[in-house]
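Asker: Before anything else, here's the structure in question.
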Amino acid sequence: MANQTKVRDPAKRAMLLTALYIAQEQHGYLTEAAVERVADRLGLPVSEVYSMASFYTLYRTRPAGRYVLQVCEGLSCFLADGAERLVDHLRKKLDIEVGETTPDGLFTLETVQCLASCGTSPAMRVNDALYENMTAEKVDELLETLRGYHV
Amino acid sequence: MFEPVLLRNVGLPRSEVIDTYLANGGYQALLKVLREYSPEQVIQIVTASGLRGRGGAGFPAGRKWSFMPKDASVEKYVCVNTDEGEPGTFKDRELVEKDPHQIIEGVIIASYAVGARRAFVYIRGEFFLGVKRWIKAIDDAYAKGFLGKNIQGSQFSLDLSVHRGAGAYICGEETALIESLEGRRGEPRKKPPYPASVGLWGKPTLVHNVETLANVPHIINRGAEWYAGIGTPKSTGPKLFCVSGHVRQRRVLELPLGVPLREIIEQHCGGMAFDRPLKAVIPGGASTPMLTPQQLDTHMDFESLEAEGTMLGTGAIIVMNDRTCMVDVARRLMRFFAHESCGRCVPCRVGTQRMLDILERLEHGKGKPGDLETLETLALGMRGITFCPMGDAAANPVLSGLKLFRDEYEYHLKNKRCAVAA
C-alpha cells in the first residue's frame, strides 16, 4: 500500500512515515539497516527515526509472522461478545500467547485498540485486511485458508 | 421520515466512483461556488448555516474559516482529519469508503473560501480500504479537472494528497495531526497559537473532520437557510450517529441533531438486544460521560447533552444492558487511553496508567482499601491540566462510572468479585 501513496510534497521530513512503511515492507519489520538507510536518505539522525518507529504502533522493530492477526479489544467488540473470546480461541488454536509467533513463522497474535468496526464487531485485521462480524468458526476458516497458501 | 443528506448516496451501487457522484448532482456546488461566489460569500453562507465541527468539539465551522488570515500572499493549508479512532466511532469510515467525492467537494470549497492552494488528507494507517478509496477518488477528481491547476477553467487551483498515519489515536487531535503530517511523533502542540494562525510548517491551517466537510456541498446547493432549518437553533444540520453495543441493529444513522436518544435506540436500532433492560449509554464516544435509562429522553445535540453533564462528541452511541459490569467498562476504556496517551505530559502518561492499575486490581478482585478514593483523585487531578483534551477524555469514564455506579465499584472492592457480570 505504501508504495501507492503519492507523495506530492517536497518537504523531506514529511516523507518519514511513508518511508518507514516502504522500509518495513521488505522484511515485514524495520531492520536496523532499514532504519539507518531511511535516516541517511532523509538526512535525519538514526535516533529520530527510531523514535518515530517506536511511537507509531503500525511500525515494528522486531520480526513478526507472515500473517499478523490483530484482534480488536475495544469496548464495542467486547459487548458483541468478541474480544477475549476470539483471542482465547486463537491462543488455543495456535498454541501461542498474545505477542508471540507460531514456530512455523506463519502467525503472530496481537490485540489492538478500536478498529472503527463497532457496528460490525467483533473485528480483527490480518495484515492490512479487515475482517468483521467474526466468530470462532470464521476464524478457523480463515486460518485454514491462510495455511493453504503455504503447503 | 428524515431524508438523508450525507448518506443519500451510500446505498447506490458503486457509490464511491466519480461517475455515480456526478450522476447524482455531484460537484455542482463547487461549480456554483467558482462561478458565483467570492471566498468571503462562501464563509458567510457556511457561517449562516450554523454548521459546527463534527469531530467532537463542535466549534462553528464558519468562524474557524474566518480566523484564517485574508492576506493572499500567505501560504495556507487545509487538512482533512480521517483519523477516526475513538472507541465506538465508525461514521467517517462509512463516508470515506462509500462517498469520498462528497468530502473532496467539501475540501475544495473550504480551500477556496480560506484561500488554500494545498490540502492534505490524513488517514488512519489501519484504514486500508479507506486509503485506497481516497487515492482513487483524488486521482479521478484530478482527471476530471476538479483538482489541480485552474479548476474547471477558474483562477482557483488546489492540490490534494493522501497521507497515511501509522497507528496513533492522538493524531486525531488537530495539532498532533499536523505534527504527524510533518513527519514527527504525534504529540499535540500548545494552544494558542491555534492552527488557523500557526499550523502545518508554521503556516495558517484549517483542520476539519471528514463529516464536517461532507456537509459543505449540501449547504451550498440548498442554502444556509435550508440547513439551519434542520436540527435545533444552535445545533443545526444532519448528524451521523454510530450505534453499537447491546441494540438489535448496530448501524450508522443519519438524523437531525436534537433527535431524542430514545428514538435512536427504540425506533432506528430495533430496541435492546435479547430484550434485556438498558443500563447505561455512552452518547458520544469513549470519552463522553455516560447517561442512564432515566435520561433516555435527552435530545442528541450539543446543548442538551451538555446540560446533562456529557457531550455529543463524535455521535458514537454505545448501548449497554443490565449485565454489563461498569468496572470492567471503565477498565477497558482506560486500557485504550493508557495505550494511546502520547506520553508528552505527565498527568496523562502516568495518570492513565495508575488508573488502569487500580481498575485492573478491582476487576480481578484485588482491590485495596482507598482505591476508589485514589481513582477519583487521579481522575479529578488530570482534568483541565493536560496539553490536549485527552486528559479530560481519559478522566471522564472513571468519574462518570464512580458517580453513577459507585455501588458496583464498592461491591468489587468488598466482595472481590463482580455483582452483575455473568
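Residue numbering restarts at 1 in every chain; chains get A, B, ... in the order shown in the C-alpha cells, and ligands count up from 1 in that same order.
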I'd like the neighbourhood of Arg14 of chain B as a ChimeraX atom specification, where a residue qualifies if any of its atoms comes within 12 Å (using only C-alpha atoms), though same-chain residues fewer than 3 positions away should be ignored.
Answerer: /B:9-11,17-21,23,97-100,133
Asker: Quick one: write out the picked residues with N, CA and C atoms as a CSV table (one decimal), in the first residue's frame?
Answerer:
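Result file is again06.csv:
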chain,number,residue,atom,x,y,z
B,9,ASN,N,-26.2,8.9,-0.9
B,9,ASN,CA,-25.6,8.1,-2.0
B,9,ASN,C,-25.1,6.7,-1.6
B,10,VAL,N,-25.0,6.5,-0.3
B,10,VAL,CA,-24.2,5.3,0.1
B,10,VAL,C,-24.9,4.0,-0.2
B,11,GLY,N,-26.2,4.0,-0.5
B,11,GLY,CA,-26.9,2.8,-0.8
B,11,GLY,C,-26.8,2.5,-2.3
B,17,VAL,N,-17.6,5.7,-6.8
B,17,VAL,CA,-17.0,6.2,-8.0
B,17,VAL,C,-17.5,7.5,-8.5
B,18,ILE,N,-16.6,8.2,-9.2
B,18,ILE,CA,-16.9,9.6,-9.5
B,18,ILE,C,-18.1,9.8,-10.4
B,19,ASP,N,-18.3,8.8,-11.3
B,19,ASP,CA,-19.5,8.9,-12.2
B,19,ASP,C,-20.8,8.8,-11.5
B,20,THR,N,-20.8,8.0,-10.4
B,20,THR,CA,-22.0,7.9,-9.6
B,20,THR,C,-22.3,9.2,-8.9
B,21,TYR,N,-21.2,9.8,-8.4
B,21,TYR,CA,-21.3,11.1,-7.7
B,21,TYR,C,-21.8,12.2,-8.7
B,23,ALA,N,-23.4,11.8,-11.5
B,23,ALA,CA,-24.8,11.5,-12.0
B,23,ALA,C,-25.9,11.9,-10.9
B,97,GLU,N,-15.3,5.4,2.6
B,97,GLU,CA,-15.4,4.2,1.8
B,97,GLU,C,-16.5,4.3,0.8
B,98,LYS,N,-17.6,5.0,1.1
B,98,LYS,CA,-18.8,4.9,0.2
B,98,LYS,C,-19.1,6.2,-0.5
B,99,ASP,N,-18.6,7.3,-0.1
B,99,ASP,CA,-18.9,8.5,-0.8
B,99,ASP,C,-17.7,9.6,-0.7
B,100,PRO,N,-16.5,9.2,-1.1
B,100,PRO,CA,-15.4,10.1,-0.9
B,100,PRO,C,-15.5,11.4,-1.7
B,133,ARG,N,-9.6,4.1,-1.3
B,133,ARG,CA,-10.7,4.8,-1.8
B,133,ARG,C,-10.3,6.3,-2.0
Asker: What residues in chain B have any atom no more than 9 Å from chain A when counting only C-alpha atoms, and can you write them as a ChimeraX atom specification?
Answerer: /B:84-93,125-129,131-132,135,159-168,180-186,242-246,249-252,286,318-320,324,329,332-333,335-336,339-340,342
Asker: For the residues in that selection, give me C-alpha atoms as an mmCIF file, in the first residue's frame.
Answerer:
data_model
loop_
_atom_site.group_PDB
_atom_site.id
_atom_site.type_symbol
_atom_site.label_atom_id
_atom_site.label_comp_id
_atom_site.auth_asym_id
_atom_site.auth_seq_id
_atom_site.Cartn_x
_atom_site.Cartn_y
_atom_site.Cartn_z
ATOM 1 C CA GLU B 84 -11.214 8.098 13.275
ATOM 2 C CA GLY B 85 -10.316 6.025 16.310
ATOM 3 C CA GLU B 86 -12.388 6.964 19.337
ATOM 4 C CA PRO B 87 -13.909 3.692 20.577
ATOM 5 C CA GLY B 88 -17.468 3.416 19.327
ATOM 6 C CA THR B 89 -16.927 5.669 16.313
ATOM 7 C CA PHE B 90 -17.293 4.290 12.792
ATOM 8 C CA LYS B 91 -19.040 7.031 10.832
ATOM 9 C CA ASP B 92 -16.125 8.618 8.939
ATOM 10 C CA ARG B 93 -15.123 5.244 7.557
ATOM 11 C CA GLY B 125 -2.985 3.757 8.942
ATOM 12 C CA GLU B 126 -5.375 0.923 9.738
ATOM 13 C CA PHE B 127 -7.944 2.067 7.153
ATOM 14 C CA PHE B 128 -6.612 0.056 4.243
ATOM 15 C CA LEU B 129 -9.747 0.309 2.114
ATOM 16 C CA VAL B 131 -6.626 4.755 1.847
ATOM 17 C CA LYS B 132 -7.380 3.061 -1.470
ATOM 18 C CA ILE B 135 -6.332 7.744 -3.567
ATOM 19 C CA ASP B 159 -3.578 20.100 -4.904
ATOM 20 C CA LEU B 160 -4.768 17.333 -2.609
ATOM 21 C CA SER B 161 -2.835 14.261 -1.476
ATOM 22 C CA VAL B 162 -3.266 11.378 0.920
ATOM 23 C CA HIS B 163 -1.036 10.785 3.918
ATOM 24 C CA ARG B 164 -1.303 7.608 5.853
ATOM 25 C CA GLY B 165 -0.888 7.678 9.618
ATOM 26 C CA ALA B 166 0.676 4.762 11.407
ATOM 27 C CA GLY B 167 -1.425 3.877 14.406
ATOM 28 C CA ALA B 168 -1.842 6.651 16.972
ATOM 29 C CA SER B 180 2.411 13.719 12.183
ATOM 30 C CA LEU B 181 1.969 15.222 8.703
ATOM 31 C CA GLU B 182 5.304 16.958 9.188
ATOM 32 C CA GLY B 183 6.844 13.562 9.853
ATOM 33 C CA ARG B 184 7.107 13.810 13.617
ATOM 34 C CA ARG B 185 5.743 11.975 16.627
ATOM 35 C CA GLY B 186 2.081 12.834 17.053
ATOM 36 C CA CYS B 242 -22.998 5.320 15.002
ATOM 37 C CA VAL B 243 -24.694 2.941 17.350
ATOM 38 C CA SER B 244 -23.018 -0.144 18.780
ATOM 39 C CA GLY B 245 -23.327 -2.398 21.813
ATOM 40 C CA HIS B 246 -26.483 -4.085 23.020
ATOM 41 C CA GLN B 249 -29.355 -3.301 14.922
ATOM 42 C CA ARG B 250 -25.937 -1.719 15.202
ATOM 43 C CA ARG B 251 -25.554 0.848 12.472
ATOM 44 C CA VAL B 252 -24.600 4.258 11.168
ATOM 45 C CA ALA B 286 -15.378 6.630 24.806
ATOM 46 C CA ILE B 318 -22.531 2.714 22.878
ATOM 47 C CA VAL B 319 -25.511 0.980 24.459
ATOM 48 C CA MET B 320 -25.058 -1.340 27.448
ATOM 49 C CA THR B 324 -22.594 -5.065 31.796
ATOM 50 C CA VAL B 329 -16.215 -0.982 31.074
ATOM 51 C CA ARG B 332 -11.441 -1.399 29.021
ATOM 52 C CA LEU B 333 -11.754 2.261 28.185
ATOM 53 C CA ARG B 335 -6.728 0.417 28.645
ATOM 54 C CA PHE B 336 -7.411 2.334 25.473
ATOM 55 C CA HIS B 339 -2.248 2.764 25.387
ATOM 56 C CA GLU B 340 -2.955 5.862 23.340
ATOM 57 C CA CYS B 342 1.264 10.125 23.621
#
Asker: Tell me, which residues of chain A carry DSSP alpha helix (DSSP H), written as a PyMOL selection string?
Answerer: chain A and resi 16-27+32-42+46-55+75-79+84-94+136-148
Asker: Within 9 Å of Ala23 of chain A, counting only C-alpha atoms, which residues show up once you throw out same-chain ones fewer than 5 positions away? Write them as a VMD selection string, please.
Answerer: chain A and resid 18 28 to 31 34 to 35 37 to 38
Asker: Could you dump the residues just selected with N, CA and C atoms as a compact mmCIF listing (two decimals), in the first residue's frame?
Answerer:
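And here is the file that came out, selection.txt:
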# COMPACT_ATOMS: atom_id res chain seq x y z
N THR A 18 5.85 7.58 5.37
CA THR A 18 5.76 6.76 4.15
C THR A 18 7.04 5.96 3.95
N GLY A 28 9.02 -7.19 6.56
CA GLY A 28 7.89 -7.29 7.48
C GLY A 28 8.14 -6.56 8.79
N TYR A 29 9.33 -6.06 8.96
CA TYR A 29 9.64 -5.23 10.12
C TYR A 29 10.81 -4.32 9.76
N LEU A 30 11.07 -3.36 10.64
CA LEU A 30 12.15 -2.43 10.36
C LEU A 30 13.47 -2.98 10.88
N THR A 31 14.30 -3.43 9.98
CA THR A 31 15.61 -3.91 10.40
C THR A 31 16.48 -2.70 10.73
N ALA A 34 17.52 -1.01 7.68
CA ALA A 34 16.45 -0.23 7.04
C ALA A 34 16.30 1.12 7.71
N VAL A 35 16.33 1.12 9.03
CA VAL A 35 16.19 2.37 9.78
C VAL A 35 17.35 3.31 9.44
N ARG A 37 19.13 3.35 6.76
CA ARG A 37 19.00 3.80 5.37
C ARG A 37 17.98 4.93 5.25
N VAL A 38 16.84 4.77 5.94
CA VAL A 38 15.83 5.83 5.93
C VAL A 38 16.42 7.11 6.51
Asker: Could you go through chain A and tell me which residues DSSP, when run on the backbone, assigns to strand (DSSP E), listing them as number ranges by chain?
Answerer: A: 67-72, 107-112, 124-126, 129-131
Asker: Could you name the residues that touch segment 355-365 of chain B at 12 Å or less, counting only C-alpha atoms, but leaving out those on the same chain fewer than 2 positions away, as a PDB file with N, CA and C atoms, in the first residue's frame?
Answerer:
ATOM      1  N   CYS B 325     -20.776  -5.020  33.354  1.00  0.00           N
ATOM      2  CA  CYS B 325     -20.065  -4.596  34.568  1.00  0.00           C
ATOM      3  C   CYS B 325     -19.402  -3.246  34.317  1.00  0.00           C
ATOM      4  N   MET B 326     -19.753  -2.268  35.128  1.00  0.00           N
ATOM      5  CA  MET B 326     -19.267  -0.917  34.883  1.00  0.00           C
ATOM      6  C   MET B 326     -17.798  -0.731  35.254  1.00  0.00           C
ATOM      7  N   VAL B 327     -17.315  -1.558  36.147  1.00  0.00           N
ATOM      8  CA  VAL B 327     -15.886  -1.508  36.476  1.00  0.00           C
ATOM      9  C   VAL B 327     -15.098  -2.025  35.262  1.00  0.00           C
ATOM     10  N   ASP B 328     -15.613  -3.069  34.673  1.00  0.00           N
ATOM     11  CA  ASP B 328     -14.961  -3.646  33.504  1.00  0.00           C
ATOM     12  C   ASP B 328     -14.982  -2.675  32.323  1.00  0.00           C
ATOM     13  N   VAL B 329     -16.116  -1.969  32.155  1.00  0.00           N
ATOM     14  CA  VAL B 329     -16.215  -0.982  31.074  1.00  0.00           C
ATOM     15  C   VAL B 329     -15.142   0.096  31.262  1.00  0.00           C
ATOM     16  N   ALA B 330     -15.032   0.608  32.491  1.00  0.00           N
ATOM     17  CA  ALA B 330     -14.034   1.648  32.769  1.00  0.00           C
ATOM     18  C   ALA B 330     -12.626   1.106  32.528  1.00  0.00           C
ATOM     19  N   ARG B 331     -12.400  -0.132  32.914  1.00  0.00           N
ATOM     20  CA  ARG B 331     -11.083  -0.752  32.732  1.00  0.00           C
ATOM     21  C   ARG B 331     -10.725  -0.841  31.244  1.00  0.00           C
ATOM     22  N   ARG B 332     -11.705  -1.265  30.454  1.00  0.00           N
ATOM     23  CA  ARG B 332     -11.441  -1.399  29.021  1.00  0.00           C
ATOM     24  C   ARG B 332     -11.178  -0.047  28.364  1.00  0.00           C
ATOM     25  N   LEU B 333     -11.976   0.943  28.766  1.00  0.00           N
ATOM     26  CA  LEU B 333     -11.754   2.261  28.185  1.00  0.00           C
ATOM     27  C   LEU B 333     -10.403   2.820  28.635  1.00  0.00           C
ATOM     28  N   MET B 334     -10.037   2.558  29.898  1.00  0.00           N
ATOM     29  CA  MET B 334      -8.763   3.076  30.391  1.00  0.00           C
ATOM     30  C   MET B 334      -7.587   2.394  29.703  1.00  0.00           C
ATOM     31  N   ARG B 335      -7.772   1.128  29.369  1.00  0.00           N
ATOM     32  CA  ARG B 335      -6.728   0.417  28.645  1.00  0.00           C
ATOM     33  C   ARG B 335      -6.456   1.142  27.319  1.00  0.00           C
ATOM     34  N   PHE B 336      -7.540   1.570  26.716  1.00  0.00           N
ATOM     35  CA  PHE B 336      -7.411   2.334  25.473  1.00  0.00           C
ATOM     36  C   PHE B 336      -6.638   3.640  25.711  1.00  0.00           C
ATOM     37  N   PHE B 337      -7.081   4.407  26.704  1.00  0.00           N
ATOM     38  CA  PHE B 337      -6.447   5.711  26.918  1.00  0.00           C
ATOM     39  C   PHE B 337      -4.987   5.563  27.363  1.00  0.00           C
ATOM     40  N   ALA B 338      -4.708   4.561  28.200  1.00  0.00           N
ATOM     41  CA  ALA B 338      -3.325   4.363  28.655  1.00  0.00           C
ATOM     42  C   ALA B 338      -2.438   3.988  27.458  1.00  0.00           C
ATOM     43  N   HIS B 339      -3.002   3.170  26.568  1.00  0.00           N
ATOM     44  CA  HIS B 339      -2.248   2.764  25.387  1.00  0.00           C
ATOM     45  C   HIS B 339      -2.013   3.936  24.445  1.00  0.00           C
ATOM     46  N   PRO B 347       0.602  14.192  33.634  1.00  0.00           N
ATOM     47  CA  PRO B 347      -0.693  13.768  34.203  1.00  0.00           C
ATOM     48  C   PRO B 347      -1.376  12.694  33.361  1.00  0.00           C
ATOM     49  N   CYS B 348      -1.283  12.820  32.051  1.00  0.00           N
ATOM     50  CA  CYS B 348      -1.935  11.855  31.173  1.00  0.00           C
ATOM     51  C   CYS B 348      -1.124  10.559  31.112  1.00  0.00           C
ATOM     52  N   ARG B 349       0.176  10.684  30.918  1.00  0.00           N
ATOM     53  CA  ARG B 349       1.023   9.496  30.765  1.00  0.00           C
ATOM     54  C   ARG B 349       0.981   8.623  32.016  1.00  0.00           C
ATOM     55  N   VAL B 350       1.158   9.256  33.185  1.00  0.00           N
ATOM     56  CA  VAL B 350       1.201   8.499  34.434  1.00  0.00           C
ATOM     57  C   VAL B 350      -0.210   8.246  34.966  1.00  0.00           C
ATOM     58  N   GLY B 351      -1.056   9.270  34.837  1.00  0.00           N
ATOM     59  CA  GLY B 351      -2.405   9.164  35.383  1.00  0.00           C
ATOM     60  C   GLY B 351      -3.197   8.017  34.779  1.00  0.00           C
ATOM     61  N   THR B 352      -3.140   7.882  33.451  1.00  0.00           N
ATOM     62  CA  THR B 352      -3.914   6.814  32.808  1.00  0.00           C
ATOM     63  C   THR B 352      -3.392   5.443  33.263  1.00  0.00           C
ATOM     64  N   GLN B 353      -2.086   5.312  33.390  1.00  0.00           N
ATOM     65  CA  GLN B 353      -1.501   4.031  33.784  1.00  0.00           C
ATOM     66  C   GLN B 353      -1.854   3.686  35.234  1.00  0.00           C
ATOM     67  N   GLY B 367      -8.644  -5.422  44.774  1.00  0.00           N
ATOM     68  CA  GLY B 367      -8.698  -4.028  45.175  1.00  0.00           C
ATOM     69  C   GLY B 367      -8.227  -3.833  46.606  1.00  0.00           C
ATOM     70  N   LYS B 368      -7.678  -2.648  46.856  1.00  0.00           N
ATOM     71  CA  LYS B 368      -7.198  -2.331  48.206  1.00  0.00           C
ATOM     72  C   LYS B 368      -8.036  -1.197  48.783  1.00  0.00           C
ATOM     73  N   PRO B 369      -8.131  -1.121  50.121  1.00  0.00           N
ATOM     74  CA  PRO B 369      -8.854   0.000  50.718  1.00  0.00           C
ATOM     75  C   PRO B 369      -8.254   1.324  50.231  1.00  0.00           C
ATOM     76  N   GLY B 370      -9.088   2.250  49.947  1.00  0.00           N
ATOM     77  CA  GLY B 370      -8.604   3.553  49.478  1.00  0.00           C
ATOM     78  C   GLY B 370      -8.484   3.648  47.966  1.00  0.00           C
ATOM     79  N   ASP B 371      -8.653   2.517  47.264  1.00  0.00           N
ATOM     80  CA  ASP B 371      -8.508   2.519  45.801  1.00  0.00           C
ATOM     81  C   ASP B 371      -9.496   3.460  45.108  1.00  0.00           C
ATOM     82  N   LEU B 372     -10.738   3.450  45.592  1.00  0.00           N
ATOM     83  CA  LEU B 372     -11.741   4.284  44.925  1.00  0.00           C
ATOM     84  C   LEU B 372     -11.419   5.760  45.091  1.00  0.00           C
ATOM     85  N   GLU B 373     -10.948   6.101  46.295  1.00  0.00           N
ATOM     86  CA  GLU B 373     -10.592   7.499  46.549  1.00  0.00           C
ATOM     87  C   GLU B 373      -9.403   7.908  45.680  1.00  0.00           C
ATOM     88  N   THR B 374      -8.417   7.009  45.594  1.00  0.00           N
ATOM     89  CA  THR B 374      -7.242   7.316  44.758  1.00  0.00           C
ATOM     90  C   THR B 374      -7.657   7.480  43.296  1.00  0.00           C
ATOM     91  N   LEU B 375      -8.533   6.598  42.858  1.00  0.00           N
ATOM     92  CA  LEU B 375      -9.020   6.649  41.481  1.00  0.00           C
ATOM     93  C   LEU B 375      -9.657   8.010  41.196  1.00  0.00           C
ATOM     94  N   GLU B 376     -10.486   8.426  42.135  1.00  0.00           N
ATOM     95  CA  GLU B 376     -11.181   9.702  41.985  1.00  0.00           C
ATOM     96  C   GLU B 376     -10.195  10.874  41.991  1.00  0.00           C
ATOM     97  N   THR B 377      -9.230  10.800  42.893  1.00  0.00           N
ATOM     98  CA  THR B 377      -8.230  11.868  42.994  1.00  0.00           C
ATOM     99  C   THR B 377      -7.436  11.977  41.696  1.00  0.00           C
ATOM    100  N   LEU B 378      -7.046  10.816  41.159  1.00  0.00           N
ATOM    101  CA  LEU B 378      -6.275  10.815  39.914  1.00  0.00           C
ATOM    102  C   LEU B 378      -7.081  11.407  38.774  1.00  0.00           C
ATOM    103  N   ALA B 379      -8.341  10.978  38.667  1.00  0.00           N
ATOM    104  CA  ALA B 379      -9.189  11.449  37.565  1.00  0.00           C
ATOM    105  C   ALA B 379      -9.429  12.953  37.681  1.00  0.00           C
ATOM    106  N   LEU B 380      -9.760  13.403  38.876  1.00  0.00           N
ATOM    107  CA  LEU B 380     -10.007  14.834  39.068  1.00  0.00           C
ATOM    108  C   LEU B 380      -8.730  15.629  38.826  1.00  0.00           C
ATOM    109  N   GLY B 381      -7.614  15.055  39.241  1.00  0.00           N
ATOM    110  CA  GLY B 381      -6.330  15.739  39.104  1.00  0.00           C
ATOM    111  C   GLY B 381      -5.886  15.907  37.665  1.00  0.00           C
ATOM    112  N   MET B 382      -6.387  15.040  36.791  1.00  0.00           N
ATOM    113  CA  MET B 382      -5.989  15.113  35.378  1.00  0.00           C
ATOM    114  C   MET B 382      -6.770  16.137  34.591  1.00  0.00           C
ATOM    115  N   ALA B 394      -9.802  10.900  29.215  1.00  0.00           N
ATOM    116  CA  ALA B 394      -9.485   9.695  29.977  1.00  0.00           C
ATOM    117  C   ALA B 394     -10.095   9.717  31.372  1.00  0.00           C
ATOM    118  N   ALA B 395     -10.254  10.907  31.927  1.00  0.00           N
ATOM    119  CA  ALA B 395     -10.816  11.017  33.276  1.00  0.00           C
ATOM    120  C   ALA B 395     -12.326  10.763  33.277  1.00  0.00           C
ATOM    121  N   ASN B 396     -12.986  11.153  32.185  1.00  0.00           N
ATOM    122  CA  ASN B 396     -14.449  11.090  32.128  1.00  0.00           C
ATOM    123  C   ASN B 396     -15.077   9.727  32.428  1.00  0.00           C
ATOM    124  N   PRO B 397     -14.622   8.654  31.780  1.00  0.00           N
ATOM    125  CA  PRO B 397     -15.289   7.373  32.041  1.00  0.00           C
ATOM    126  C   PRO B 397     -15.208   6.957  33.505  1.00  0.00           C
ATOM    127  N   VAL B 398     -14.100   7.273  34.155  1.00  0.00           N
ATOM    128  CA  VAL B 398     -13.928   6.902  35.558  1.00  0.00           C
ATOM    129  C   VAL B 398     -14.829   7.745  36.452  1.00  0.00           C
ATOM    130  N   LEU B 399     -14.804   9.046  36.228  1.00  0.00           N
ATOM    131  CA  LEU B 399     -15.615   9.935  37.066  1.00  0.00           C
ATOM    132  C   LEU B 399     -17.095   9.652  36.881  1.00  0.00           C
ATOM    133  N   GLY B 401     -18.422   6.805  35.864  1.00  0.00           N
ATOM    134  CA  GLY B 401     -18.704   5.497  36.450  1.00  0.00           C
ATOM    135  C   GLY B 401     -18.829   5.571  37.964  1.00  0.00           C
ATOM    136  N   LEU B 402     -17.914   6.310  38.592  1.00  0.00           N
ATOM    137  CA  LEU B 402     -17.953   6.429  40.055  1.00  0.00           C
ATOM    138  C   LEU B 402     -19.191   7.192  40.507  1.00  0.00           C
ATOM    139  N   GLU B 408     -21.286  -0.443  42.432  1.00  0.00           N
ATOM    140  CA  GLU B 408     -20.624  -1.568  41.766  1.00  0.00           C
ATOM    141  C   GLU B 408     -19.127  -1.597  42.060  1.00  0.00           C
ATOM    142  N   TYR B 409     -18.531  -0.425  42.100  1.00  0.00           N
ATOM    143  CA  TYR B 409     -17.101  -0.330  42.439  1.00  0.00           C
ATOM    144  C   TYR B 409     -16.896  -0.836  43.870  1.00  0.00           C
ATOM    145  N   GLU B 410     -17.799  -0.406  44.766  1.00  0.00           N
ATOM    146  CA  GLU B 410     -17.674  -0.816  46.168  1.00  0.00           C
ATOM    147  C   GLU B 410     -17.866  -2.324  46.331  1.00  0.00           C
ATOM    148  N   TYR B 411     -18.782  -2.858  45.544  1.00  0.00           N
ATOM    149  CA  TYR B 411     -19.019  -4.305  45.602  1.00  0.00           C
ATOM    150  C   TYR B 411     -17.757  -5.064  45.179  1.00  0.00           C
ATOM    151  N   HIS B 412     -17.140  -4.595  44.104  1.00  0.00           N
ATOM    152  CA  HIS B 412     -15.898  -5.202  43.619  1.00  0.00           C
ATOM    153  C   HIS B 412     -14.825  -5.174  44.703  1.00  0.00           C
ATOM    154  N   LEU B 413     -14.741  -4.038  45.369  1.00  0.00           N
ATOM    155  CA  LEU B 413     -13.705  -3.835  46.389  1.00  0.00           C
ATOM    156  C   LEU B 413     -13.950  -4.745  47.585  1.00  0.00           C
ATOM    157  N   LYS B 414     -15.218  -4.803  48.006  1.00  0.00           N
ATOM    158  CA  LYS B 414     -15.561  -5.516  49.229  1.00  0.00           C
ATOM    159  C   LYS B 414     -15.634  -7.031  49.009  1.00  0.00           C
ATOM    160  N   ASN B 415     -16.287  -7.439  47.926  1.00  0.00           N
ATOM    161  CA  ASN B 415     -16.541  -8.870  47.736  1.00  0.00           C
ATOM    162  C   ASN B 415     -15.556  -9.555  46.790  1.00  0.00           C
ATOM    163  N   LYS B 416     -14.610  -8.787  46.270  1.00  0.00           N
ATOM    164  CA  LYS B 416     -13.568  -9.334  45.387  1.00  0.00           C
ATOM    165  C   LYS B 416     -14.137  -9.992  44.131  1.00  0.00           C
ATOM    166  N   ARG B 417     -15.336  -9.607  43.770  1.00  0.00           N
ATOM    167  CA  ARG B 417     -15.892 -10.126  42.526  1.00  0.00           C
ATOM    168  C   ARG B 417     -16.963  -9.171  42.015  1.00  0.00           C
ATOM    169  N   CYS B 418     -17.533  -9.528  40.879  1.00  0.00           N
ATOM    170  CA  CYS B 418     -18.498  -8.639  40.248  1.00  0.00           C
ATOM    171  C   CYS B 418     -19.915  -9.022  40.630  1.00  0.00           C
ATOM    172  N   ALA B 419     -20.777  -8.016  40.784  1.00  0.00           N
ATOM    173  CA  ALA B 419     -22.159  -8.279  41.155  1.00  0.00           C
ATOM    174  C   ALA B 419     -23.044  -8.560  39.941  1.00  0.00           C
ATOM    175  N   ALA B 421     -21.779  -9.147  36.199  1.00  0.00           N
ATOM    176  CA  ALA B 421     -21.320  -9.883  35.019  1.00  0.00           C
ATOM    177  C   ALA B 421     -21.507 -11.375  35.205  1.00  0.00           C
TER     178      ALA B 421
END
Asker: Using atom CA of Glu144 of chain A and atom CA of Val87 of chain A as the two end points, give the distance in Å to one decimal.
Answerer: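 These two atoms are separated by 16.9 Å.
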Asker: Write out as a ChimeraX atom specification which residues come within 9 Å of Gly99 of chain A when counting only C-alpha atoms, dropping same-chain ones fewer than 2 positions away.
Answerer: /A:96-97,101,108-111
Asker: Report, in Å with one decimal, the straight-line distance from atom CA of Arg91 of chain A to atom CA of Leu69 of chain A.
Answerer: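 Interatomic distance, atom CA of Arg91 of chain A to atom CA of Leu69 of chain A: 11.0 Å.
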Asker: Which one is closest to Arg62 of chain A: A:Glu100, A:Leu44, A:Leu90, A:Leu142? Count only C-alpha atoms.
Answerer: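 Of all the options, A:Glu100 lies closest to Arg62 of chain A.
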Asker: Could you work out how far atom CA of Thr47 of chain B lies from atom CA of Glu303 of chain B, giving the answer in Å with one decimal?
Answerer: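 So the two atoms, atom CA of Glu303 of chain B and atom CA of Thr47 of chain B, lie 18.3 Å apart.
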Asker: Gln155 of chain B: which residues within 12 Å, counting only C-alpha atoms, same-chain residues fewer than 4 positions away excluded, as a list in words?
Answerer: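 Listing them by chain and then by number gives Leu34, Arg35, Ser38, Tyr112, Gly115, Arg117, Gly148, Lys149, Asn150 and Ile151 of chain B.
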Asker: Find the spatial neighbours of Arg66 of chain A, counting only C-alpha atoms, within a cut-off of 7 Å - ignore same-chain residues fewer than 2 positions away - and output them as a VMD selection string.
Answerer: chain A and resid 64 68 105 to 107
Asker: May I have the selected residues written with C-alpha atoms, as a PDB file, in the first residue's frame?
Answerer:
ATOM      1  CA  ALA A  64       6.646 -10.921  13.007  1.00  0.00           C
ATOM      2  CA  VAL A  68      -0.233 -10.728  11.875  1.00  0.00           C
ATOM      3  CA  GLY A 105       6.586 -18.332  11.375  1.00  0.00           C
ATOM      4  CA  LEU A 106       3.108 -18.077   9.885  1.00  0.00           C
ATOM      5  CA  PHE A 107       1.057 -16.318  12.553  1.00  0.00           C
TER       6      PHE A 107
END
